[in-house]
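Below: the structure, in structure tokens.
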Amino acid sequence: MKPPDRLSRQEILKYLGTHPWAGTLQVLDTVDSTNALAKKLASQGAPEGTVLVANHQTAGRGRLGRSFLSEAGQGIYMSVILRPQEKATELLHLTCCAAEATCEALERGTGKRPGIKWTNDLVHEGRKLAGILTELSFEGESGKARYAVLGIGLNCHQSPCGFPEELREVAASVRMMTGSVPDRNRLAAELIQSFHGLSLTLGKRLQWLERYRRDCVTIGRAVTVTGSGAVRRGQAVGVDDWGALLVDFGRGPEPVQAGEVSIRGMFGYI
Ligand code: BTN
């Protein structure tokens with residue numbers, strides 16, 4: 001096996017060259033949460049394209065108040081600050097775009113294209129490879145976004161038994177997907193390229209969603225939707241033009257919004 005790679009600004013820049021976001025890239029060895037730090041920097045005026053990459057998080061955060069396991073040297077924990085011009089209500093698709101951008105980065109970086117479990121988990125053979133946490137701050141009066149932080153946690157080096165027992169059946173890594181130990185600096189650079197592309201084309205919502213639907217493995221599956229104190233079972237039949245999952249609970253498709261619910265396949269994680 002190759003020796004463990006070390007995430008560094010210098011190595012990532014070797015792949016990025018004179019990228020517009022190269023100047024604002026920070027690589028940290030340990031941090032509580034790159035999203036928490038990115039939100040702090042964004043509220044202090046950090047520009048669009050500020051990228052934080054960490055080798056280890058001591059308090060990695062996931063969706064719906066969960067934690068995200070972020071072991072040292074095992075993954076890429078990254079947050080990107082965007083400053084979209086749209087109102088928060090016009091950014092409902094952002095989270096789907098972030099998943100699609102990650103999917104495309106992984107295909108370029110590894111030659112393998114993972115699937116997407118709605119809304120924004122990247123999956124390989126039914127197991128979670130990466131999670132994304134999108135956090136938005138907006139002005140109460142105008143509804144305009146102040147900033148968005150896109151946080152990506154990507155499992156890279158773990159072997160199947162390298163995950164804690166409770167995750168062993170549901171987690172995957174890039175190494176498990178490709179059969180070889182990945183270069184995290186290269187993958188980090190691909191992620192940055194993808195998120196830069198996303199920042200330039202966020203307005204091309206329908207194009208993003210068309211690609212997203214092709215990668216979304218939830219469509220066509222029986223799902224359990226948990227949220228607001230209720231558990232409902234239905235069939236996922238599509239994704240609408242703002243990224244909501246269309247679920248048929250027996251009376252035709254109904255949009256289910258991300259952020260409110262947890263989706264679980266009836267026969268496994270996806
Ligand atoms: C999820 O699966 O629920 C989302 C996980 C998001 C994890 C990433 S790791 C980098 C960034 N910083 C965090 O604290 N969380 C996100």
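So you can find residues: chains in the structure tokens are A, B, ... in the order shown, residues in each start at 1, and ligands are numbered from 1 in order.
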
Backbone-only DSSP, strand (DSSP E or B) members of segment 40-136 of chain A, as a ChimeraX atom specification: /A:51-57,61,67,75-82,87,115-117,121-124,127-136

Please identify all polymer residues within 12 Å of Ile219 of chain A, counting only C-alpha atoms, omitting same-chain residues fewer than 3 positions from it, and present them as a compact mmCIF listing (two decimals) with N, CA and C atoms, in the first residue's frame.
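See result-v2.txt below for the written result:
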```txt
# COMPACT_ATOMS: atom_id res chain seq x y z
N GLY A 115 -23.44 7.20 -7.21
CA GLY A 115 -24.84 7.63 -7.31
C GLY A 115 -25.13 8.69 -6.26
N ILE A 116 -26.33 9.26 -6.33
CA ILE A 116 -26.76 10.24 -5.32
C ILE A 116 -28.02 9.73 -4.66
N LYS A 117 -27.97 9.63 -3.32
CA LYS A 117 -29.18 9.34 -2.56
C LYS A 117 -29.78 10.70 -2.23
N TRP A 118 -31.03 10.92 -2.66
CA TRP A 118 -31.64 12.24 -2.43
C TRP A 118 -31.55 12.61 -0.96
N THR A 119 -31.21 13.78 -0.56
CA THR A 119 -30.89 14.90 -1.40
C THR A 119 -29.42 14.90 -1.78
N TYR A 212 -28.71 15.83 -12.37
CA TYR A 212 -28.94 15.28 -11.03
C TYR A 212 -29.88 14.06 -11.10
N ARG A 213 -30.97 14.21 -11.87
CA ARG A 213 -31.95 13.11 -11.96
C ARG A 213 -31.32 11.83 -12.50
N ARG A 214 -30.36 11.99 -13.42
CA ARG A 214 -29.71 10.80 -13.99
C ARG A 214 -28.88 10.08 -12.93
N ASP A 215 -28.34 10.83 -11.97
CA ASP A 215 -27.47 10.22 -10.95
C ASP A 215 -28.22 9.79 -9.69
N CYS A 216 -29.46 10.29 -9.54
CA CYS A 216 -30.19 10.06 -8.28
C CYS A 216 -30.74 8.64 -8.23
N ALA A 222 -38.83 2.36 -3.16
CA ALA A 222 -39.74 2.48 -2.03
C ALA A 222 -38.99 3.21 -0.92
N VAL A 223 -39.59 4.25 -0.34
CA VAL A 223 -38.89 5.05 0.69
C VAL A 223 -39.75 5.24 1.93
N GLY A 234 -43.78 5.44 0.93
CA GLY A 234 -44.27 5.68 -0.43
C GLY A 234 -43.24 5.26 -1.45
N GLN A 235 -43.50 5.68 -2.68
CA GLN A 235 -42.62 5.34 -3.80
C GLN A 235 -42.04 6.64 -4.33
N ALA A 236 -40.71 6.74 -4.38
CA ALA A 236 -40.08 7.96 -4.96
C ALA A 236 -40.22 7.86 -6.48
N VAL A 237 -40.86 8.88 -7.08
CA VAL A 237 -41.13 8.78 -8.53
C VAL A 237 -40.37 9.84 -9.33
N GLY A 238 -39.75 10.81 -8.67
CA GLY A 238 -39.00 11.81 -9.44
C GLY A 238 -38.46 12.90 -8.54
N VAL A 239 -37.86 13.91 -9.18
CA VAL A 239 -37.33 15.09 -8.48
C VAL A 239 -37.86 16.29 -9.26
N ASP A 240 -38.48 17.25 -8.58
CA ASP A 240 -39.09 18.36 -9.32
C ASP A 240 -38.03 19.40 -9.72
N ALA A 244 -37.04 19.13 -5.05
CA ALA A 244 -37.84 18.36 -4.07
C ALA A 244 -38.03 16.94 -4.60
N LEU A 245 -38.05 15.97 -3.68
CA LEU A 245 -38.30 14.58 -4.09
C LEU A 245 -39.81 14.40 -4.27
N LEU A 246 -40.20 13.80 -5.37
CA LEU A 246 -41.63 13.53 -5.61
C LEU A 246 -41.93 12.12 -5.13
N VAL A 247 -42.79 12.05 -4.13
CA VAL A 247 -43.10 10.75 -3.53
C VAL A 247 -44.59 10.48 -3.68
N ASP A 248 -44.91 9.29 -4.13
CA ASP A 248 -46.31 8.87 -4.22
C ASP A 248 -46.64 8.06 -2.98
N PRO A 253 -48.01 11.92 -7.00
CA PRO A 253 -46.75 12.48 -6.49
C PRO A 253 -46.94 13.72 -5.63
N ILE A 263 -34.80 10.46 4.62
CA ILE A 263 -35.34 9.46 3.68
C ILE A 263 -34.53 8.18 3.85
N GLY A 265 -34.40 4.09 2.39
CA GLY A 265 -34.99 3.04 1.57
C GLY A 265 -35.67 2.05 2.50
N ILE A 270 -30.29 3.02 1.00
CA ILE A 270 -30.84 3.88 -0.08
C ILE A 270 -32.23 3.40 -0.51
```

Long-range neighbours of segment 186-197 of chain A as an MDAnalysis selection string, 6 Å cut-off, only C-alpha atoms, 3 positions minimum in chain: chainID A and resid 12 16 101 105 109 183 200

Counting only C-alpha atoms, what are the residues of segment 110-198 of chain A within 12 Å of segment 84-96 of chain A, and for each of them which pair of atoms is the nearest and at what distance in Å, to one decimal? Sort the table by chain and rising number, as a tab-separated table.
```
residue	atom	partner	partner_atom	distance
A:Ile116	CA	A:Cys96	CA	9.1
A:Lys117	CA	A:Cys96	CA	10.2
A:Trp118	CA	A:Cys96	CA	8.0
A:Thr119	CA	A:Cys96	CA	6.1
A:Asn120	CA	A:Cys96	CA	6.2
A:Asp121	CA	A:Cys96	CA	9.7
A:Leu122	CA	A:Cys96	CA	11.0
A:Gly131	CA	A:Thr95	CA	10.9
A:Ile132	CA	A:Thr95	CA	7.8
A:Leu133	CA	A:Thr95	CA	7.9
A:Thr134	CA	A:Thr95	CA	6.1
A:Glu135	CA	A:Thr95	CA	9.3
A:Leu136	CA	A:Ala88	CA	7.6
A:Ser137	CA	A:Ala88	CA	8.2
A:Phe138	CA	A:Ala88	CA	6.5
A:Glu139	CA	A:Ala88	CA	8.9
A:Gly140	CA	A:Ala88	CA	10.0
A:Glu141	CA	A:Lys87	CA	10.8
A:Ser142	CA	A:Lys87	CA	7.7
A:Gly143	CA	A:Lys87	CA	5.3
A:Lys144	CA	A:Lys87	CA	4.0
A:Ala145	CA	A:Ala88	CA	5.4
A:Arg146	CA	A:Pro84	CA	7.6
A:Tyr147	CA	A:Pro84	CA	6.6
A:Ala148	CA	A:Pro84	CA	7.2
A:Val149	CA	A:Thr95	CA	10.4
A:Leu150	CA	A:Thr95	CA	8.1
A:Gly151	CA	A:Thr95	CA	10.2
A:Ile152	CA	A:Thr95	CA	11.0
A:Phe195	CA	A:Leu94	CA	11.1
A:Leu198	CA	A:Leu94	CA	9.1
```

Restrict the selected residues to N, CA and C atoms and save them as a short mmCIF file (atom, residue, chain, number, x, y, z; two decimals), in the first residue's frame.
```cif
data_model
loop_
_atom_site.label_atom_id
_atom_site.label_comp_id
_atom_site.auth_asym_id
_atom_site.auth_seq_id
_atom_site.Cartn_x
_atom_site.Cartn_y
_atom_site.Cartn_z
N ILE A 116 -26.33 9.26 -6.33
CA ILE A 116 -26.76 10.24 -5.32
C ILE A 116 -28.02 9.73 -4.66
N LYS A 117 -27.97 9.63 -3.32
CA LYS A 117 -29.18 9.34 -2.56
C LYS A 117 -29.78 10.70 -2.23
N TRP A 118 -31.03 10.92 -2.66
CA TRP A 118 -31.64 12.24 -2.43
C TRP A 118 -31.55 12.61 -0.96
N THR A 119 -31.21 13.78 -0.56
CA THR A 119 -30.89 14.90 -1.40
C THR A 119 -29.42 14.90 -1.78
N ASN A 120 -28.56 14.68 -0.80
CA ASN A 120 -27.16 14.95 -1.11
C ASN A 120 -26.16 14.03 -0.43
N ASP A 121 -26.49 12.76 -0.44
CA ASP A 121 -25.49 11.77 -0.04
C ASP A 121 -24.95 11.11 -1.31
N LEU A 122 -23.64 10.99 -1.40
CA LEU A 122 -23.04 10.27 -2.53
C LEU A 122 -22.91 8.82 -2.10
N GLY A 131 -21.12 13.00 2.43
CA GLY A 131 -22.31 13.75 2.85
C GLY A 131 -22.07 15.22 2.63
N ILE A 132 -23.15 15.94 2.43
CA ILE A 132 -23.04 17.38 2.15
C ILE A 132 -23.98 18.13 3.09
N LEU A 133 -23.46 19.19 3.67
CA LEU A 133 -24.28 20.04 4.54
C LEU A 133 -24.24 21.45 3.96
N THR A 134 -25.40 21.92 3.50
CA THR A 134 -25.50 23.27 2.93
C THR A 134 -26.11 24.18 3.99
N GLU A 135 -25.43 25.27 4.31
CA GLU A 135 -25.97 26.20 5.30
C GLU A 135 -26.08 27.58 4.67
N LEU A 136 -27.26 28.19 4.82
CA LEU A 136 -27.52 29.49 4.18
C LEU A 136 -27.78 30.54 5.23
N SER A 137 -27.28 31.75 4.99
CA SER A 137 -27.67 32.87 5.85
C SER A 137 -28.33 33.88 4.93
N PHE A 138 -29.49 34.39 5.33
CA PHE A 138 -30.14 35.38 4.47
C PHE A 138 -30.71 36.52 5.29
N GLU A 139 -30.91 37.67 4.61
CA GLU A 139 -31.45 38.85 5.27
C GLU A 139 -32.94 38.67 5.47
N GLY A 140 -33.40 38.96 6.69
CA GLY A 140 -34.81 38.80 6.99
C GLY A 140 -35.69 39.66 6.09
N GLU A 141 -35.30 40.92 5.92
CA GLU A 141 -36.14 41.89 5.19
C GLU A 141 -36.33 41.51 3.72
N SER A 142 -35.19 41.41 3.02
CA SER A 142 -35.26 41.21 1.57
C SER A 142 -35.31 39.73 1.18
N GLY A 143 -34.93 38.85 2.10
CA GLY A 143 -34.87 37.43 1.77
C GLY A 143 -33.64 37.09 0.94
N LYS A 144 -32.78 38.08 0.69
CA LYS A 144 -31.58 37.82 -0.13
C LYS A 144 -30.54 37.03 0.66
N ALA A 145 -29.86 36.14 -0.05
CA ALA A 145 -28.84 35.34 0.63
C ALA A 145 -27.65 36.24 0.99
N ARG A 146 -27.16 36.13 2.22
CA ARG A 146 -25.89 36.81 2.58
C ARG A 146 -24.74 35.93 2.12
N TYR A 147 -24.85 34.65 2.45
CA TYR A 147 -23.83 33.70 2.00
C TYR A 147 -24.40 32.29 2.08
N ALA A 148 -23.75 31.40 1.37
CA ALA A 148 -24.04 29.97 1.50
C ALA A 148 -22.73 29.28 1.80
N VAL A 149 -22.77 28.32 2.70
CA VAL A 149 -21.59 27.48 2.96
C VAL A 149 -21.93 26.06 2.52
N LEU A 150 -21.11 25.53 1.61
CA LEU A 150 -21.30 24.15 1.17
C LEU A 150 -20.24 23.30 1.85
N GLY A 151 -20.64 22.36 2.64
CA GLY A 151 -19.69 21.51 3.37
C GLY A 151 -19.75 20.08 2.85
N ILE A 152 -18.60 19.54 2.52
CA ILE A 152 -18.54 18.18 1.96
C ILE A 152 -17.63 17.34 2.82
N PHE A 195 -16.90 23.02 -7.59
CA PHE A 195 -17.67 24.03 -6.86
C PHE A 195 -17.49 25.42 -7.48
N LEU A 198 -19.85 25.35 -10.29
CA LEU A 198 -21.21 25.53 -9.75
C LEU A 198 -21.50 27.01 -9.46
#
```

Site check for ligand 1: residues at most 8 Å away, only C-alpha atoms and all ligand atoms, as number ranges by chain: A: 32-36, 53-54, 57, 59-64, 66-68, 70, 76-79, 120-121, 130-133, 150-154

Put those residues in a file: N, CA and C atoms, as a CSV table (one decimal), in the first residue's frame.
```
chain,number,residue,atom,x,y,z
A,32,ASP,N,-12.6,22.2,14.5
A,32,ASP,CA,-13.8,21.6,15.1
A,32,ASP,C,-14.7,21.2,13.9
A,33,SER,N,-15.0,22.2,13.1
A,33,SER,CA,-15.9,22.0,11.9
A,33,SER,C,-15.5,23.0,10.8
A,34,THR,N,-15.2,22.6,9.6
A,34,THR,CA,-14.9,23.6,8.6
A,34,THR,C,-16.2,24.4,8.3
A,35,ASN,N,-17.4,23.8,8.4
A,35,ASN,CA,-18.6,24.6,8.2
A,35,ASN,C,-18.7,25.7,9.2
A,36,ALA,N,-18.5,25.4,10.5
A,36,ALA,CA,-18.6,26.4,11.5
A,36,ALA,C,-17.6,27.5,11.3
A,53,VAL,N,-10.1,23.4,3.8
A,53,VAL,CA,-10.0,21.9,3.7
A,53,VAL,C,-9.3,21.5,5.0
A,54,ALA,N,-9.9,20.4,5.6
A,54,ALA,CA,-9.3,19.9,6.9
A,54,ALA,C,-9.0,18.4,6.7
A,57,GLN,N,-11.7,16.7,11.7
A,57,GLN,CA,-12.6,17.5,12.4
A,57,GLN,C,-12.9,16.9,13.7
A,59,ALA,N,-15.5,18.1,15.6
A,59,ALA,CA,-16.9,18.2,15.8
A,59,ALA,C,-17.6,18.4,14.4
A,60,GLY,N,-17.3,17.4,13.5
A,60,GLY,CA,-17.9,17.5,12.2
A,60,GLY,C,-19.4,17.5,12.3
A,61,ARG,N,-20.1,18.3,11.5
A,61,ARG,CA,-21.6,18.4,11.6
A,61,ARG,C,-22.3,17.8,10.4
A,62,GLY,N,-23.3,17.1,10.6
A,62,GLY,CA,-24.1,16.6,9.5
A,62,GLY,C,-25.5,17.2,9.5
A,63,ARG,N,-26.3,16.7,8.6
A,63,ARG,CA,-27.7,17.2,8.4
A,63,ARG,C,-28.5,16.9,9.7
A,64,LEU,N,-29.6,17.6,9.9
A,64,LEU,CA,-30.6,17.4,10.9
A,64,LEU,C,-30.0,17.2,12.3
A,66,ARG,N,-27.2,16.0,13.2
A,66,ARG,CA,-26.3,14.9,13.5
A,66,ARG,C,-24.9,15.2,13.4
A,67,SER,N,-24.0,14.3,13.9
A,67,SER,CA,-22.6,14.6,13.8
A,67,SER,C,-22.1,13.8,12.5
A,68,PHE,N,-20.9,14.2,12.1
A,68,PHE,CA,-20.3,13.6,10.9
A,68,PHE,C,-18.9,13.1,11.3
A,70,SER,N,-15.2,12.4,11.3
A,70,SER,CA,-14.2,13.0,10.4
A,70,SER,C,-12.8,12.7,11.0
A,76,ILE,N,-11.7,13.8,3.3
A,76,ILE,CA,-11.5,15.2,3.0
A,76,ILE,C,-12.7,15.9,3.6
A,77,TYR,N,-12.5,16.9,4.4
A,77,TYR,CA,-13.5,17.7,5.0
A,77,TYR,C,-13.4,19.1,4.5
A,78,MET,N,-14.3,19.6,3.7
A,78,MET,CA,-14.1,20.8,3.0
A,78,MET,C,-15.4,21.7,3.1
A,79,SER,N,-15.2,23.0,3.2
A,79,SER,CA,-16.3,24.0,3.1
A,79,SER,C,-15.9,25.1,2.2
A,120,ASN,N,-28.6,14.7,-0.8
A,120,ASN,CA,-27.2,15.0,-1.1
A,120,ASN,C,-26.2,14.0,-0.4
A,121,ASP,N,-26.5,12.8,-0.4
A,121,ASP,CA,-25.5,11.8,0.0
A,121,ASP,C,-25.0,11.1,-1.3
A,130,ALA,N,-20.1,10.0,0.8
A,130,ALA,CA,-19.9,11.4,1.1
A,130,ALA,C,-21.2,12.0,1.6
A,131,GLY,N,-21.1,13.0,2.4
A,131,GLY,CA,-22.3,13.7,2.9
A,131,GLY,C,-22.1,15.2,2.6
A,132,ILE,N,-23.1,15.9,2.4
A,132,ILE,CA,-23.0,17.4,2.1
A,132,ILE,C,-24.0,18.1,3.1
A,133,LEU,N,-23.5,19.2,3.7
A,133,LEU,CA,-24.3,20.0,4.5
A,133,LEU,C,-24.2,21.5,4.0
A,150,LEU,N,-21.1,25.5,1.6
A,150,LEU,CA,-21.3,24.1,1.2
A,150,LEU,C,-20.2,23.3,1.9
A,151,GLY,N,-20.6,22.4,2.6
A,151,GLY,CA,-19.7,21.5,3.4
A,151,GLY,C,-19.8,20.1,2.8
A,152,ILE,N,-18.6,19.5,2.5
A,152,ILE,CA,-18.5,18.2,2.0
A,152,ILE,C,-17.6,17.3,2.8
A,153,GLY,N,-18.1,16.2,3.2
A,153,GLY,CA,-17.3,15.2,3.9
A,153,GLY,C,-17.2,14.0,3.1
A,154,LEU,N,-16.0,13.7,2.6
A,154,LEU,CA,-15.8,12.5,1.7
A,154,LEU,C,-14.9,11.5,2.4
```
